[in-house]
Amino acid sequence: MEKNEIKQESKLVQLLLLMGENYIQCGAEIWRVEDMINRIGYAYGAQEVNAFVITSSIVLTICYADGHIETQTKRIKRLSNTDLNKLEQLNGLSRKICQKKIPLEQFEKELLSILTVKENRKELLLGNILASGAFAMFFGGNIIDVLLAALVGIAIYYLQIYVEPICMNSIVFKFIASLLTGAIISVLSALVVNSHRDVIMIGNIMLLIPGVMFTNSLRDALLGDTLSGTLRFIEAALLASAVVAGFITALFLVGRFINV
C-alpha cells in the first residue's frame with residue numbers, strides 16, 4: 001500500500017473522531033454519533049467500521065478492503081452543551097457525504113468551517129429573555145415577575161458569555177451562575193413590590209437545568225447504550241445538584257441580611 005493511501009485513511013479516522021466529538025458536545029445521542037461514523041466510514045469505502053462511543057471517549061477502528069486496519073481513540077474532556085444549530089449543520093454535512101462522497105480535503109474544510117463559526121449572541125440573549133419571561137408567566141407570575149425574570153435572564157446571558165469560558169468545568173459554572181442568579185432575584189424581590197421570588201426563580205432556573213441532557217440519558221439507556229446513558233445521567237445529576245446548591249446558598253446568604 002502506498003504511503004499516501006495510508007495517510008488518507010488515517011486522515012479519515014481523525015476527521016470522524018473530530019466530528020463525533022462535536023456531535024457529543026452539541027448534545028447528540030450516542031446512537032446518532034455511532035450511526036454517523038458508520039455511515040461516513042462505509043461511504044469512503046471501509047470494509048468494516050467499529051465505533052465504541054461513550055460521553056467521555058470514542059474508540060474507532062476501520063478495516064479497509066486492502067487489509068489495512070486503522071485504530072484511533074479520542075478523549076473527550078469538555079462536558080456537553082446543547083447546540084442544536086451546530087448539530088443540524090453537522091448532520092447536513094453527514095448527509096451530504098453519504099449522498100455523494102466528497103474529497104477528504106473538502107470534508108475537512110467544511111467541517112472546520114462549521115466548528116469555527118461562533119454562536120449568535122443576539123439569538124442567545126433573545127432566547128434567555130423569552131424563555132425566562134415565558135416560564136415565569138406560565139407558572140402564574142404577574143407582569144412584574146415576567147419583567148424581572150427577563151431582566152435576570154439578561155444577567156445569566158452575560159454570565160454565559162464572560163464567566164463560563166474561564167470556569168474549570170460546567171459544574172463550577174452552574175454553581176456560580178445559580179449562586180449569583182439566586183442572590184440577584186432575592187434582592188430584587190425584596191425591593192420590588194408585588195413581585196414573587198419563587199416564580200421568578202422558576203423562570204430563570206429553566207435556563208440552567210440540563211433538561212436535554214437528562215432526556216438523552218434516558219433515551220440512550222432505552223436504546224441499549226446503558227453505559228453511556230448512565231454516564232450522561234450522572235453528568236446531568238451533578239449539574240442539577242450544582243444548580244440547586246447555588247440557589248440554596250444564595251437564599252441562605254442573602255436571607256441573613258434581607259428579610260426575604
# chains A, B, ... in the order shown; residues from 1 in each chain; ligands from 1
$ residues_around --residues "Ala136 (chain A)" --least-positions-apart "5" --cutoff "10 Å" --atoms "only C-alpha atoms" --output "CSV table (one decimal) with N, CA, C and O atoms, in the first residue's frame"
chain,number,residue,atom,x,y,z
A,130,LEU,N,-36.8,35.6,26.4
A,130,LEU,CA,-38.1,35.0,26.1
A,130,LEU,C,-38.4,33.8,27.0
A,130,LEU,O,-39.5,33.6,27.5
A,131,ALA,N,-37.4,32.9,27.1
A,131,ALA,CA,-37.6,31.7,27.9
A,131,ALA,C,-37.9,32.0,29.4
A,131,ALA,O,-38.8,31.5,30.0
A,141,GLY,N,-46.9,33.9,37.2
A,141,GLY,CA,-46.4,35.2,37.5
A,141,GLY,C,-47.1,36.4,36.9
A,141,GLY,O,-47.7,36.2,35.9
A,142,ASN,N,-47.1,37.5,37.6
A,142,ASN,CA,-47.7,38.7,37.0
A,142,ASN,C,-46.7,39.4,36.1
A,142,ASN,O,-45.6,38.9,35.9
A,143,ILE,N,-47.1,40.6,35.6
A,143,ILE,CA,-46.2,41.3,34.6
A,143,ILE,C,-44.9,41.7,35.3
A,143,ILE,O,-43.9,41.7,34.6
A,144,ILE,N,-45.0,42.0,36.5
A,144,ILE,CA,-43.7,42.4,37.2
A,144,ILE,C,-42.8,41.2,37.3
A,144,ILE,O,-41.5,41.3,37.1
A,145,ASP,N,-43.3,40.1,37.6
A,145,ASP,CA,-42.5,38.8,37.7
A,145,ASP,C,-41.9,38.5,36.4
A,145,ASP,O,-40.7,38.1,36.3
A,146,VAL,N,-42.7,38.7,35.3
A,146,VAL,CA,-42.2,38.4,33.9
A,146,VAL,C,-41.0,39.3,33.6
A,146,VAL,O,-40.0,38.9,33.0
A,147,LEU,N,-41.2,40.6,33.9
A,147,LEU,CA,-40.1,41.6,33.5
A,147,LEU,C,-38.9,41.3,34.4
A,147,LEU,O,-37.8,41.4,33.8
A,148,LEU,N,-39.0,41.0,35.6
A,148,LEU,CA,-37.9,40.8,36.5
A,148,LEU,C,-37.2,39.5,36.0
A,148,LEU,O,-35.9,39.4,36.0
A,149,ALA,N,-37.9,38.5,35.7
A,149,ALA,CA,-37.3,37.2,35.2
A,149,ALA,C,-36.5,37.5,33.9
A,149,ALA,O,-35.4,36.9,33.7
A,150,ALA,N,-37.1,38.3,33.0
A,150,ALA,CA,-36.4,38.6,31.8
A,150,ALA,C,-35.2,39.4,32.0
A,150,ALA,O,-34.1,39.2,31.4
A,196,HIS,N,-42.8,38.1,43.1
A,196,HIS,CA,-42.8,36.8,43.7
A,196,HIS,C,-41.5,36.1,43.4
A,196,HIS,O,-41.3,35.8,42.3
A,198,ASP,N,-40.4,33.2,44.2
A,198,ASP,CA,-40.4,31.8,43.8
A,198,ASP,C,-40.7,31.7,42.3
A,198,ASP,O,-40.1,30.9,41.5
A,199,VAL,N,-41.6,32.5,41.8
A,199,VAL,CA,-42.0,32.4,40.4
A,199,VAL,C,-40.8,32.9,39.5
A,199,VAL,O,-40.5,32.3,38.4
A,200,ILE,N,-40.2,34.0,39.9
A,200,ILE,CA,-39.0,34.5,39.2
A,200,ILE,C,-37.9,33.5,39.1
A,200,ILE,O,-37.3,33.2,38.1
A,201,MET,N,-37.7,32.8,40.2
A,201,MET,CA,-36.6,31.7,40.3
A,201,MET,C,-36.9,30.6,39.3
A,201,MET,O,-36.1,30.1,38.6
A,202,ILE,N,-38.2,30.2,39.3
A,202,ILE,CA,-38.6,29.1,38.4
A,202,ILE,C,-38.3,29.5,37.0
A,202,ILE,O,-37.9,28.7,36.2
A,203,GLY,N,-38.7,30.7,36.6
A,203,GLY,CA,-38.5,31.2,35.3
A,203,GLY,C,-37.0,31.2,34.9
A,203,GLY,O,-36.7,30.8,33.7
A,204,ASN,N,-36.1,31.5,35.8
A,204,ASN,CA,-34.7,31.6,35.5
A,204,ASN,C,-34.0,30.3,35.6
A,204,ASN,O,-33.0,30.0,34.9
A,206,MET,N,-34.9,27.6,34.6
A,206,MET,CA,-35.1,26.8,33.4
A,206,MET,C,-33.9,27.0,32.4
A,206,MET,O,-33.7,26.2,31.5
$ residues_around --residues "Ile205 (chain A)" --least-positions-apart "5" --cutoff "12 Å" --atoms "only C-alpha atoms" --output "ChimeraX atom specification"
/A:128,131-133,135-136,149-150,152-153,156,174-175,177-182,185,197-200,210-211,240,242-244,246-247
$ atom_distance --atom1 "CA of Met168 (chain A)" --atom2 "CA of Gln25 (chain A)"
16.1 Å
$ closest_residue --among "A:Phe214, A:Phe257, A:Phe107, A:Phe252" --to "Glu29 (chain A)" --atoms "only C-alpha atoms"
A:Phe214
$ residues_around --residues "Val187 (chain A)" --least-positions-apart "2" --cutoff "10 Å" --atoms "only C-alpha atoms" --output "PyMOL selection string"
chain A and resi 182-185+189-192+197+251+254-255+257-260
$ select_by_dssp --residues "region 18-246 of chain A" --states "helix (DSSP H, G or I)" --output "short mmCIF file (atom, residue, chain, number, x, y, z; two decimals) with C-alpha atoms, in the first residue's frame"
data_model
loop_
_atom_site.label_atom_id
_atom_site.label_comp_id
_atom_site.auth_asym_id
_atom_site.auth_seq_id
_atom_site.Cartn_x
_atom_site.Cartn_y
_atom_site.Cartn_z
CA LEU A 18 -13.36 15.16 15.49
CA MET A 19 -16.88 15.12 14.09
CA GLY A 20 -18.03 12.57 16.67
CA GLU A 21 -16.55 14.64 19.50
CA ASN A 22 -18.51 17.71 18.39
CA TYR A 23 -21.68 15.65 17.99
CA ILE A 24 -21.40 14.68 21.66
CA GLN A 25 -20.53 18.20 22.79
CA ILE A 30 -24.81 8.20 21.45
CA TRP A 31 -26.57 6.07 18.83
CA ARG A 32 -26.60 9.08 16.49
CA VAL A 33 -22.85 9.53 16.87
CA GLU A 34 -22.17 5.86 16.12
CA ASP A 35 -24.60 5.87 13.20
CA MET A 36 -22.91 8.92 11.67
CA ILE A 37 -19.44 7.37 11.99
CA ASN A 38 -20.61 4.10 10.45
CA ARG A 39 -22.37 5.73 7.52
CA ILE A 40 -19.50 8.06 6.61
CA GLY A 41 -16.93 5.28 7.07
CA TYR A 42 -18.75 3.00 4.64
CA ALA A 43 -19.28 5.90 2.24
CA LEU A 84 -28.88 22.25 18.11
CA ASN A 85 -27.87 24.75 15.42
CA LYS A 86 -24.36 23.34 15.13
CA LEU A 87 -25.70 19.80 15.40
CA GLU A 88 -28.04 20.46 12.46
CA GLN A 89 -25.11 21.71 10.38
CA LEU A 90 -23.05 18.63 11.24
CA ASN A 91 -25.99 16.42 10.29
CA GLY A 92 -26.26 18.27 7.00
CA LEU A 93 -22.58 17.62 6.24
CA SER A 94 -23.01 13.94 7.13
CA ARG A 95 -25.97 13.56 4.77
CA LYS A 96 -24.08 15.35 2.01
CA ILE A 97 -21.13 12.96 2.30
CA CYS A 98 -23.38 9.89 2.30
CA GLN A 99 -25.25 11.07 -0.79
CA LEU A 104 -11.28 14.41 2.29
CA GLU A 105 -9.78 17.87 1.83
CA GLN A 106 -13.24 19.29 1.19
CA PHE A 107 -14.63 17.24 4.09
CA GLU A 108 -12.06 18.75 6.43
CA LYS A 109 -12.60 22.27 5.11
CA GLU A 110 -16.38 22.16 5.53
CA LEU A 111 -16.13 20.54 8.96
CA LEU A 112 -13.72 23.18 10.25
CA SER A 113 -15.88 25.94 8.81
CA ILE A 114 -18.80 24.64 10.89
CA LEU A 115 -16.74 24.29 14.06
CA ARG A 121 -25.02 36.10 20.76
CA LYS A 122 -28.09 38.14 19.85
CA GLU A 123 -30.12 34.96 19.46
CA LEU A 124 -28.79 33.64 22.79
CA LEU A 125 -29.74 36.89 24.54
CA LEU A 126 -33.20 36.91 22.97
CA GLY A 127 -33.67 33.25 23.89
CA ASN A 128 -32.76 33.93 27.52
CA ILE A 129 -35.21 36.81 27.73
CA LEU A 130 -38.10 34.98 26.09
CA ALA A 131 -37.57 31.68 27.91
CA SER A 132 -37.24 33.15 31.40
CA GLY A 133 -40.15 35.53 30.93
CA ALA A 134 -42.38 32.89 29.35
CA PHE A 135 -41.76 30.34 32.11
CA ALA A 136 -42.43 32.95 34.77
CA MET A 137 -45.77 33.71 33.10
CA PHE A 138 -46.55 30.01 32.66
CA ILE A 143 -46.25 41.27 34.63
CA ILE A 144 -43.71 42.40 37.22
CA ASP A 145 -42.48 38.84 37.71
CA VAL A 146 -42.16 38.38 33.94
CA LEU A 147 -40.15 41.59 33.55
CA LEU A 148 -37.86 40.77 36.47
CA ALA A 149 -37.31 37.21 35.19
CA ALA A 150 -36.42 38.59 31.76
CA LEU A 151 -34.03 41.07 33.39
CA VAL A 152 -32.29 38.30 35.33
CA GLY A 153 -32.21 36.27 32.09
CA ILE A 154 -30.03 39.03 30.65
CA ALA A 155 -27.69 38.69 33.64
CA ILE A 156 -27.45 34.93 33.01
CA TYR A 157 -26.58 35.68 29.37
CA TYR A 158 -23.57 37.77 30.44
CA LEU A 159 -22.51 35.02 32.83
CA GLN A 160 -22.64 32.52 29.95
CA ILE A 161 -20.55 34.79 27.74
CA TYR A 162 -17.90 36.04 30.16
CA VAL A 163 -17.82 33.67 33.15
CA GLU A 164 -18.40 30.22 31.64
CA PRO A 165 -15.24 30.28 29.43
CA ILE A 166 -12.97 30.85 32.44
CA SER A 170 -19.67 23.20 33.61
CA ILE A 171 -20.37 22.11 37.19
CA VAL A 172 -18.43 25.05 38.61
CA PHE A 173 -20.16 27.43 36.21
CA LYS A 174 -23.62 26.13 37.09
CA PHE A 175 -22.94 26.68 40.79
CA ILE A 176 -21.55 30.20 40.29
CA ALA A 177 -24.35 31.19 37.91
CA SER A 178 -27.03 29.80 40.24
CA LEU A 179 -25.46 31.48 43.27
CA LEU A 180 -25.35 34.91 41.60
CA THR A 181 -28.76 34.47 40.00
CA GLY A 182 -30.36 33.46 43.29
CA ALA A 183 -28.77 36.43 45.06
CA ILE A 184 -29.98 38.90 42.40
CA ILE A 185 -33.52 37.51 42.46
CA SER A 186 -33.67 37.61 46.26
CA VAL A 187 -32.60 41.26 46.32
CA LEU A 188 -34.96 42.27 43.51
CA SER A 189 -37.95 40.50 45.06
CA ALA A 190 -37.28 42.28 48.35
CA LEU A 191 -37.08 45.70 46.68
CA ARG A 197 -39.41 35.39 44.33
CA ASP A 198 -40.40 31.77 43.76
CA VAL A 199 -41.98 32.44 40.35
CA ILE A 200 -39.01 34.49 39.18
CA MET A 201 -36.62 31.75 40.27
CA ILE A 202 -38.60 29.10 38.43
CA GLY A 203 -38.46 31.20 35.28
CA ASN A 204 -34.70 31.61 35.46
CA ILE A 205 -33.76 28.16 36.70
CA GLY A 211 -33.10 19.06 30.72
CA VAL A 212 -31.99 17.88 27.27
CA MET A 213 -29.02 16.02 28.75
CA PHE A 214 -31.26 14.20 31.23
CA THR A 215 -33.72 13.23 28.47
CA ASN A 216 -30.92 11.96 26.23
CA SER A 217 -29.52 9.86 29.07
CA LEU A 218 -32.82 8.01 29.38
CA ARG A 219 -33.06 7.61 25.62
CA ASP A 220 -29.53 6.21 25.42
CA ALA A 221 -30.34 3.69 28.13
CA LEU A 222 -33.60 2.62 26.47
CA THR A 226 -26.62 1.52 29.09
CA LEU A 227 -23.11 2.69 29.95
CA SER A 228 -23.42 5.94 28.01
CA GLY A 229 -26.89 6.55 29.40
CA THR A 230 -25.65 6.04 32.95
CA LEU A 231 -22.67 8.35 32.48
CA ARG A 232 -24.83 11.06 30.94
CA PHE A 233 -27.42 10.66 33.71
CA ILE A 234 -24.71 11.11 36.35
CA GLU A 235 -23.42 14.17 34.50
CA ALA A 236 -26.93 15.66 34.37
CA ALA A 237 -27.47 14.88 38.06
CA LEU A 238 -24.22 16.61 39.03
CA LEU A 239 -25.13 19.70 37.02
CA ALA A 240 -28.62 19.79 38.52
CA SER A 241 -27.15 19.39 42.01
CA ALA A 242 -24.81 22.32 41.35
CA VAL A 243 -27.80 24.46 40.34
CA VAL A 244 -29.72 23.51 43.48
CA ALA A 245 -26.70 24.11 45.70
CA GLY A 246 -26.14 27.53 44.14
#
$ closest_residue --among "A:Cys26, A:His68, A:Val49, A:Leu60" --to "Glu9 (chain A)" --atoms "only C-alpha atoms"
A:His68
$ atom_distance --atom1 "CA of Thr82 (chain A)" --atom2 "CA of Lys118 (chain A)"
14.3 Å
$ decode --residues "region 166-177 of chain A" --atoms "all heavy atoms" --output "compact mmCIF listing (two decimals), in the first residue's frame"
# COMPACT_ATOMS: atom_id res chain seq x y z
N ILE A 166 -14.11 30.86 31.52
CA ILE A 166 -12.97 30.85 32.44
C ILE A 166 -13.17 29.87 33.60
O ILE A 166 -12.29 29.73 34.45
CB ILE A 166 -12.69 32.26 33.01
CG1 ILE A 166 -13.89 32.76 33.82
CG2 ILE A 166 -12.36 33.22 31.89
CD1 ILE A 166 -13.64 34.11 34.50
N CYS A 167 -14.33 29.20 33.63
CA CYS A 167 -14.59 28.23 34.69
C CYS A 167 -13.90 26.90 34.40
O CYS A 167 -13.69 26.54 33.23
CB CYS A 167 -16.08 28.00 34.87
SG CYS A 167 -16.95 29.39 35.62
N MET A 168 -13.57 26.17 35.45
CA MET A 168 -12.88 24.89 35.31
C MET A 168 -13.72 23.89 34.51
O MET A 168 -13.20 23.17 33.67
CB MET A 168 -12.56 24.33 36.70
CG MET A 168 -11.81 23.02 36.68
SD MET A 168 -11.61 22.37 38.37
CE MET A 168 -10.82 23.76 39.20
N ASN A 169 -15.01 23.84 34.78
CA ASN A 169 -15.91 22.95 34.07
C ASN A 169 -17.33 23.46 34.22
O ASN A 169 -17.58 24.48 34.88
CB ASN A 169 -15.79 21.50 34.58
CG ASN A 169 -15.94 21.42 36.09
OD1 ASN A 169 -16.89 21.93 36.67
ND2 ASN A 169 -14.96 20.80 36.75
N SER A 170 -18.28 22.76 33.60
CA SER A 170 -19.67 23.20 33.61
C SER A 170 -20.29 23.14 35.01
O SER A 170 -21.18 23.93 35.32
CB SER A 170 -20.50 22.33 32.65
OG SER A 170 -20.06 22.51 31.32
N ILE A 171 -19.82 22.22 35.83
CA ILE A 171 -20.37 22.11 37.19
C ILE A 171 -20.05 23.36 38.00
O ILE A 171 -20.91 23.91 38.69
CB ILE A 171 -19.82 20.85 37.89
CG1 ILE A 171 -20.28 19.59 37.16
CG2 ILE A 171 -20.27 20.81 39.35
CD1 ILE A 171 -19.70 18.31 37.71
N VAL A 172 -18.83 23.83 37.90
CA VAL A 172 -18.43 25.05 38.61
C VAL A 172 -19.23 26.24 38.10
O VAL A 172 -19.72 27.07 38.87
CB VAL A 172 -16.92 25.30 38.44
CG1 VAL A 172 -16.53 26.64 39.05
CG2 VAL A 172 -16.11 24.18 39.08
N PHE A 173 -19.39 26.32 36.78
CA PHE A 173 -20.16 27.43 36.21
C PHE A 173 -21.61 27.40 36.68
O PHE A 173 -22.17 28.44 37.02
CB PHE A 173 -20.11 27.40 34.69
CG PHE A 173 -21.08 28.36 34.05
CD1 PHE A 173 -20.85 29.72 34.10
CD2 PHE A 173 -22.24 27.89 33.44
CE1 PHE A 173 -21.77 30.62 33.56
CE2 PHE A 173 -23.15 28.77 32.88
CZ PHE A 173 -22.92 30.14 32.94
N LYS A 174 -22.23 26.23 36.67
CA LYS A 174 -23.62 26.13 37.09
C LYS A 174 -23.79 26.61 38.53
O LYS A 174 -24.77 27.30 38.85
CB LYS A 174 -24.11 24.69 36.96
CG LYS A 174 -24.20 24.16 35.55
CD LYS A 174 -25.31 24.80 34.75
CE LYS A 174 -25.45 24.12 33.39
NZ LYS A 174 -26.50 24.74 32.56
N PHE A 175 -22.84 26.25 39.39
CA PHE A 175 -22.94 26.68 40.79
C PHE A 175 -22.79 28.19 40.90
O PHE A 175 -23.57 28.86 41.58
CB PHE A 175 -21.86 25.99 41.62
CG PHE A 175 -21.84 26.44 43.06
CD1 PHE A 175 -22.78 25.97 43.97
CD2 PHE A 175 -20.90 27.36 43.49
CE1 PHE A 175 -22.78 26.41 45.29
CE2 PHE A 175 -20.88 27.80 44.80
CZ PHE A 175 -21.82 27.32 45.71
N ILE A 176 -21.78 28.75 40.22
CA ILE A 176 -21.55 30.20 40.29
C ILE A 176 -22.74 30.96 39.71
O ILE A 176 -23.23 31.94 40.30
CB ILE A 176 -20.26 30.57 39.54
CG1 ILE A 176 -19.04 29.97 40.25
CG2 ILE A 176 -20.11 32.08 39.43
CD1 ILE A 176 -17.73 30.17 39.52
N ALA A 177 -23.23 30.51 38.55
CA ALA A 177 -24.35 31.19 37.91
C ALA A 177 -25.60 31.11 38.78
O ALA A 177 -26.34 32.10 38.93
CB ALA A 177 -24.62 30.57 36.54
